[in-house]
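A short write-up of the structure that comes next.
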Amino acid sequence: MTLKEMARIVRPILLGIPGQARHIAQHDVPELIRDVRGFTARDFLVFSKYWLMCWLCIGKVVLRRGPIGFTRELLRYPWMLHLLRVTKLMRRLARGRHGGYLESICMAVYTVAALLAENLEEIFYHKDSLIITEEMVPPDIARAMGLNVWMLEVMGILLPMLSPEGTLKYIDEAENAGINPDACSLPKATVGMILKGHMPTGLAMVSSNMPCDAGMASYSYIEQEYGIPTYRLDVPHNFTDERAERLFAEDLKGMIAFLEKHTPGRMDWDRLKEICEGRNRMLELELELWDMIRLRPAPLAAEAVILSHMWHFNLWAGHKLSIRHYERLVELARRNLAEGVPAMENERFRAVLWNPPFPHFIDIFNRCERDFGVVLINDSMTYNHHTPIDTSTPDSMVRGLSTVIMQGPMVRHTRGPAQNYLDDIFRMVKQFDLDMVWVANHVGCKSGQAINGILREKCRAQRIPLLVLDYDLLDPRIVSQDGMMNQVEFFMENVMKAPRLDQETIPC
Amino acid sequence: MRMPTKTMRLFDDLLESPQNTLVEQASQDGRIPIGYSCAIVPEPLIMADRLFPVRLHATGVTGTEMADNYLSSFVCSYTRSLLEFAMDDRYEYIQGWVFVPSCAHMQRLIDNLEYLRKPAFSHVIDVPRKVNDVTIAWMVEELSMLAENLSSHFSVDLGDESLSRAIAEWNSFTEIVRSVGELRKRTHPPLTGTEFHTMLMSTLASPKDLIIPKILDFKQEVQQRGSPVDYRARLMLVGGHLHDPGFIRIIESQGGLVVADRFCTGSIPGLMPIEMNGDPIRNLAEHSFRKTLCPRMMEEFHRRVESIIETAREYKVDGVVIEIIKFCDLWGVDAMPLITALRKQGIPVLKLEREYRLGSEGQLRTRVQAFIESMGT
């Protein structure tokens, strides 16, 4: 990198410092004081513990790399600056929450930070064993082969959670390069990051036909840009029978052979067994958690359930910290249940969120809990039909993993007949005793958009209130946070006949 | 502008409504129209015995208000138009539907059709998105299942002999169409791209045996023409579904003669002959993969680019126009590296986003005119 290029990157950062400082002084500090005032002494201690642990994770990464090395990495991956906002995210999500619920949320955010730090160190120090994967390709097999994995789409999801505008420049970059503006903003952000050279490259790449056309098609470009050997997994349309399982298991074996050919990774079946057993343990714990949140009022909810699944099952299944996280979640839920403490004191309505969540407005359910007493019990990205993986033989493990992928959230819902999508919604309504269905109507998700008509009529027939909430996955310019809250308010007032909690008149 | 000939007027008439006179004639003779919507479906399989294929089209659609309620307005207008026509009972004559979930839009079209107008016979071919020995074997099984279902539902013979006859008939049909297409390689072609596409679309929307004599008439007529077509630039069209010849007519009104068509409903490479020796179902499976250059096929980007470059050279093309139906993610995203790859080869490229039905004609004219001028022709 030349000095001129460095200056080009550093200049806007330096110029932005006064503005950032002003923002912190005018908004962040008063917000922090306001939030902390709402905590009990115990809540404050719990929050402070995880706050400190997050900063320790960040500090460890910086110190290990050293100031010069880290600055160099920062210039290579400028989005890392957004990661400094992780404790702010924790604060946004912790707002108004107490006890075990608060702890579960803080813990979920902390584990994201801790494992992300581990992932960053992999890209800093272990480029010789780094492979690139697409979001729906679970890294279990590659990790069992001794490889490190960087999932390209992860930052597209994480950055807007940390700062809502985090991916906008990448989206614009991709659109300016010619990608269709109506495509999903996640592949657009990913392509934009690659165009800007802000993504690491690896020895080889594994992509797939999941979850959508835009995501899949974007890998034609990514392959050209990276120029590295690429393997593509192909989940069949009708994936529920033996024949499809056989086909896809063969595909996974093809992927193993490909990785052995193009990387130093070698399949270690004992290691895979460990990972699969860890995944099974997490599944067992998750099912216990689901059994508890079925009860009204739920002992835990929202991000404790959905963020945990999204991060740990998709990226870190079988990892010690992920297993420990789920064990602790279950402990907290059990304790709340035993003591009769609900996650949310005013649990008026129980909701499911269908389709991808709202990364740039990740605290929307925090707002809705406080404003309307709407508690998010589970979501489509978490809800799955996984069964424990049979770890008795290498074949059975590959077969089990192939089912996990095909039956996983999004994969299951974006292929096959509409029943795969619709039946799960109505099954969840019964299973979790829900009062309403929220559809995250991401403007770039054509598959979801095109099934809303049927869903609307089916919900009407079953008298299930349905909110179709228009938004864009990563781009708040399409529908702003205010615009999203207006839709919620309109729905709550007109369909649910439930005014905001602070407007409710207390009966004499 | 050349006046439409008698056969050209007939082709135009055949495209006016999905239920055209030739389809009616065949139906009255006890034959069974099978609708399909994707180029991957092997036509000979639905040409055997009394079956005949009809490429689903909604030419003349004026709006998609009913379909938008179900599919939303963010889905490609081809699928919306098909659903609109289906909801308006414009495909009542179709006795069976064969689909490929080639993209998310098509998949949801199938879902909505099943929900709103459940056809008496409907079959979905699960086509893999990559090609190797394992997926070819899978495709053979898929086509065998389709043959079995068609055979038992309609009591038709889809045995090896019957299929081989259908393949032979299809091969001779494509040979005739290809021979017309070959005329476009001439420095001064005797026919326009609009005429060729009108002819091709009517063959897709009619029983092959009934349309063949008309194509032969047209070929003879074209060969006897005295004056060749005048043009400023030779263009190649690339993209997804293109049904309405009016789109090409507008391009050609600006002096751009469309001499090659590499899109789903075009002739390149869709009309290459099918192998006659060996298992007919396997031959159909291999042919389906060979002729499919859609971006849904994950590992075919290089083949797609090479095929375009090769065709551009073969037809002495001055520039490539990529036409994409708005909201099509496959072509929309793929166009980005595709344009770069073509420009690297020195081929001028124009990307046009359009709707299924013809619209924004003025804008289209201006962009084509500017493109032709930018090429300096």
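Every chain in the structure tokens takes a letter, A first, then B, and so on in the order presented; its residues are numbered from 1, and the ligands are numbered from 1 following the presented order.
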Item to complete: Using DSSP on the backbone coordinates, identify all residues within range 201-316 of chain A classified as strand (DSSP E); present the result as a ChimeraX atom specification.
Response: /A:205-208,230-233
Can you write out the residues you just picked, keeping C-alpha atoms, as a PDB file, in the first residue's frame?
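Once written, selection.pdb looks like this:
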ATOM      1  CA  MET A 205     -13.982 -20.859  -1.844  1.00  0.00           C
ATOM      2  CA  VAL A 206     -17.191 -22.806  -1.238  1.00  0.00           C
ATOM      3  CA  SER A 207     -20.462 -21.231  -2.298  1.00  0.00           C
ATOM      4  CA  SER A 208     -23.901 -22.679  -2.952  1.00  0.00           C
ATOM      5  CA  THR A 230     -14.433 -22.568  -6.173  1.00  0.00           C
ATOM      6  CA  TYR A 231     -16.771 -25.383  -5.260  1.00  0.00           C
ATOM      7  CA  ARG A 232     -20.532 -24.929  -5.364  1.00  0.00           C
ATOM      8  CA  LEU A 233     -22.965 -26.911  -3.270  1.00  0.00           C
TER       9      LEU A 233
END
Contact set, chain A to chain B: 6 Å, only C-alpha atoms, as an mmCIF file with C-alpha atoms, in the first residue's frame:
data_model
loop_
_atom_site.group_PDB
_atom_site.id
_atom_site.type_symbol
_atom_site.label_atom_id
_atom_site.label_comp_id
_atom_site.auth_asym_id
_atom_site.auth_seq_id
_atom_site.Cartn_x
_atom_site.Cartn_y
_atom_site.Cartn_z
ATOM 1 C CA GLY A 178 -23.574 -2.460 -12.278
ATOM 2 C CA ILE A 179 -25.356 -4.858 -9.943
ATOM 3 C CA ASN A 180 -29.131 -4.491 -10.194
ATOM 4 C CA ALA A 183 -31.269 -7.195 -5.696
ATOM 5 C CA ASP A 213 -30.844 -16.189 -6.746
ATOM 6 C CA ALA A 214 -28.982 -12.935 -6.101
ATOM 7 C CA ALA A 217 -25.366 -15.275 -8.826
ATOM 8 C CA TYR A 221 -18.469 -12.090 -9.879
ATOM 9 C CA HIS A 237 -35.520 -28.269 -4.974
ATOM 10 C CA ALA A 418 -44.877 -23.327 -0.584
ATOM 11 C CA LYS A 446 -38.574 -11.839 -4.091
ATOM 12 C CA SER A 447 -39.226 -15.315 -2.829
ATOM 13 C CA GLN A 449 -42.621 -11.126 -1.416
ATOM 14 C CA ALA A 450 -44.275 -13.551 -3.804
ATOM 15 C CA GLY A 453 -50.631 -13.080 -0.885
#
Practice prompt. Identify, on the basis of only C-alpha atoms, every residue whose closest approach to range 184-189 of chain B does not exceed 6 Å; exclude the query and any residue fewer than 6 positions from it along the same chain; express the result as a PyMOL selection string.
Written response: chain B and resi 228+259+315
Prev. selection, C-alpha atoms, output as a compact mmCIF listing (two decimals), in the first residue's frame:
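Result file part-v3.txt:
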# COMPACT_ATOMS: atom_id res chain seq x y z
CA PRO B 228 -31.43 -7.18 -48.39
CA VAL B 259 -28.69 -11.01 -36.21
CA TYR B 315 -22.46 -13.59 -36.79
Worksheet entry | Nearest residue to Glu260 in chain A from the set A:Trp354, A:Ile171, A:Leu130, A:Met145 (distances using only C-alpha atoms) |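 Going through A:Trp354, A:Ile171, A:Leu130, A:Met145 one by one, the smallest distance to Glu260 in chain A is for A:Met145.
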Worksheet item: If we count only C-alpha atoms, what is near Gly444 in chain A at a cut-off of 7 Å, once residues fewer than 3 positions away on the same chain are taken out, given as a ChimeraX atom specification?
Response: /A:182-185,472
With N, CA and C atoms kept, could you save the residues just selected as a compact mmCIF listing (two decimals), in the first residue's frame?
# COMPACT_ATOMS: atom_id res chain seq x y z
N ASP A 182 -32.29 -3.55 -7.46
CA ASP A 182 -33.39 -4.21 -6.76
C ASP A 182 -32.99 -5.55 -6.15
N ALA A 183 -31.72 -5.93 -6.30
CA ALA A 183 -31.27 -7.20 -5.70
C ALA A 183 -31.20 -7.04 -4.18
N CYS A 184 -31.16 -8.15 -3.50
CA CYS A 184 -31.05 -8.15 -2.03
C CYS A 184 -29.79 -7.37 -1.63
N SER A 185 -29.93 -6.59 -0.56
CA SER A 185 -28.79 -5.74 -0.18
C SER A 185 -27.64 -6.53 0.44
N ASP A 472 -35.86 -2.83 4.15
CA ASP A 472 -34.77 -3.43 3.39
C ASP A 472 -33.79 -4.01 4.41
Worksheet item: Could you pull out the helix (DSSP H, G or I) residues of range 128-372 of chain A from DSSP and send them as a PyMOL selection string?
Response: chain A and resi 128-129+140-144+154-162+168-176+185-195+213-226+242-262+269-293+303-315+320-339+359-361+364-372
Fill in: Nearest residue to Glu103 in chain A from the set A:Glu245, A:Glu165, A:Glu223, A:Glu303 (distances using only C-alpha atoms)
A:Glu303
Worksheet entry | Coordinates-based distance that separates CA of Asn283 in chain B from CA of Gly266 in chain B (Å, one decimal) | 21.2 Å
Worksheet item: CA of Ile68 in chain A and CA of Gly146 in chain A, how far apart in Å?
Response: 28.9 Å
Item to complete: Go through A:Pro164, A:Phe372, A:Ser402, A:His413 one by one, measure the shortest atom-to-atom distance of each to Ser480 in chain A using only C-alpha atoms, and give the residue with the smallest value.
Response: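 So, comparing all the options, the nearest one is A:Pro164.
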Discussion item. When you look at Thr167 in chain A with a cut-off of 7 Å (counting only C-alpha atoms), what residues show up, excluding the ones that are within fewer than 4 positions of it in the same chain? I need them as a list in words.
Written reply: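 Non-adjacent residues within range: Gly156, Leu159, Pro160, Ile171, Ala189 and Leu474 of chain A.
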Quick one: write out the picked residues with C-alpha atoms as a tab-separated table (two decimals), in the first residue's frame?
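Output contents, as saved in result_34.tsv:
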chain	number	residue	atom	x	y	z
A	156	GLY	CA	-22.97	-7.49	5.87
A	159	LEU	CA	-22.13	-4.03	10.55
A	160	PRO	CA	-25.69	-2.62	10.38
A	171	ILE	CA	-24.15	-1.18	-1.33
A	189	ALA	CA	-22.96	-5.22	0.41
A	474	LEU	CA	-29.42	-3.61	5.33
Practice prompt. Tell me which protein, DNA and RNA residues are within 9 Å of range 173-175 of chain B, counting only C-alpha atoms, leaving out same-chain ones fewer than 6 positions away, and put them as a PyMOL selection string.
Written response: chain B and resi 208-209+212+267+271-273
Worksheet entry | Shell of 12 Å around Pro264 in chain A, only C-alpha atoms, local chain residues under 3 positions omitted, as an MDAnalysis selection string | chainID A and resid 126:131 142 145:148 202:204 256:261 267
Worksheet entry | Atom-to-atom span, CA of Arg266 in chain A and CA of Pro236 in chain A, Å | 27.2 Å
Fill in: Pick from A:Ile123, A:Ile451, A:Ala94, A:Leu83 nearest to Gly166 in chain A, counting only C-alpha atoms
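Closest residue, counting only C-alpha atoms: A:Leu83.
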Worksheet item: Looking at B:Leu191, B:Ala370, B:Val258, B:Thr64, which one is nearest to Gly226 in chain B, with distances taken over only C-alpha atoms?
Response: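 Counting only C-alpha atoms, the residue closest to Gly226 in chain B is B:Leu191.
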Item to complete: Would you mind telling me which residue in A:Val495, A:Ile275, A:Ile478, A:Ile33 lies nearest to Leu315 in chain A when using only C-alpha atoms?
Response: A:Ile275
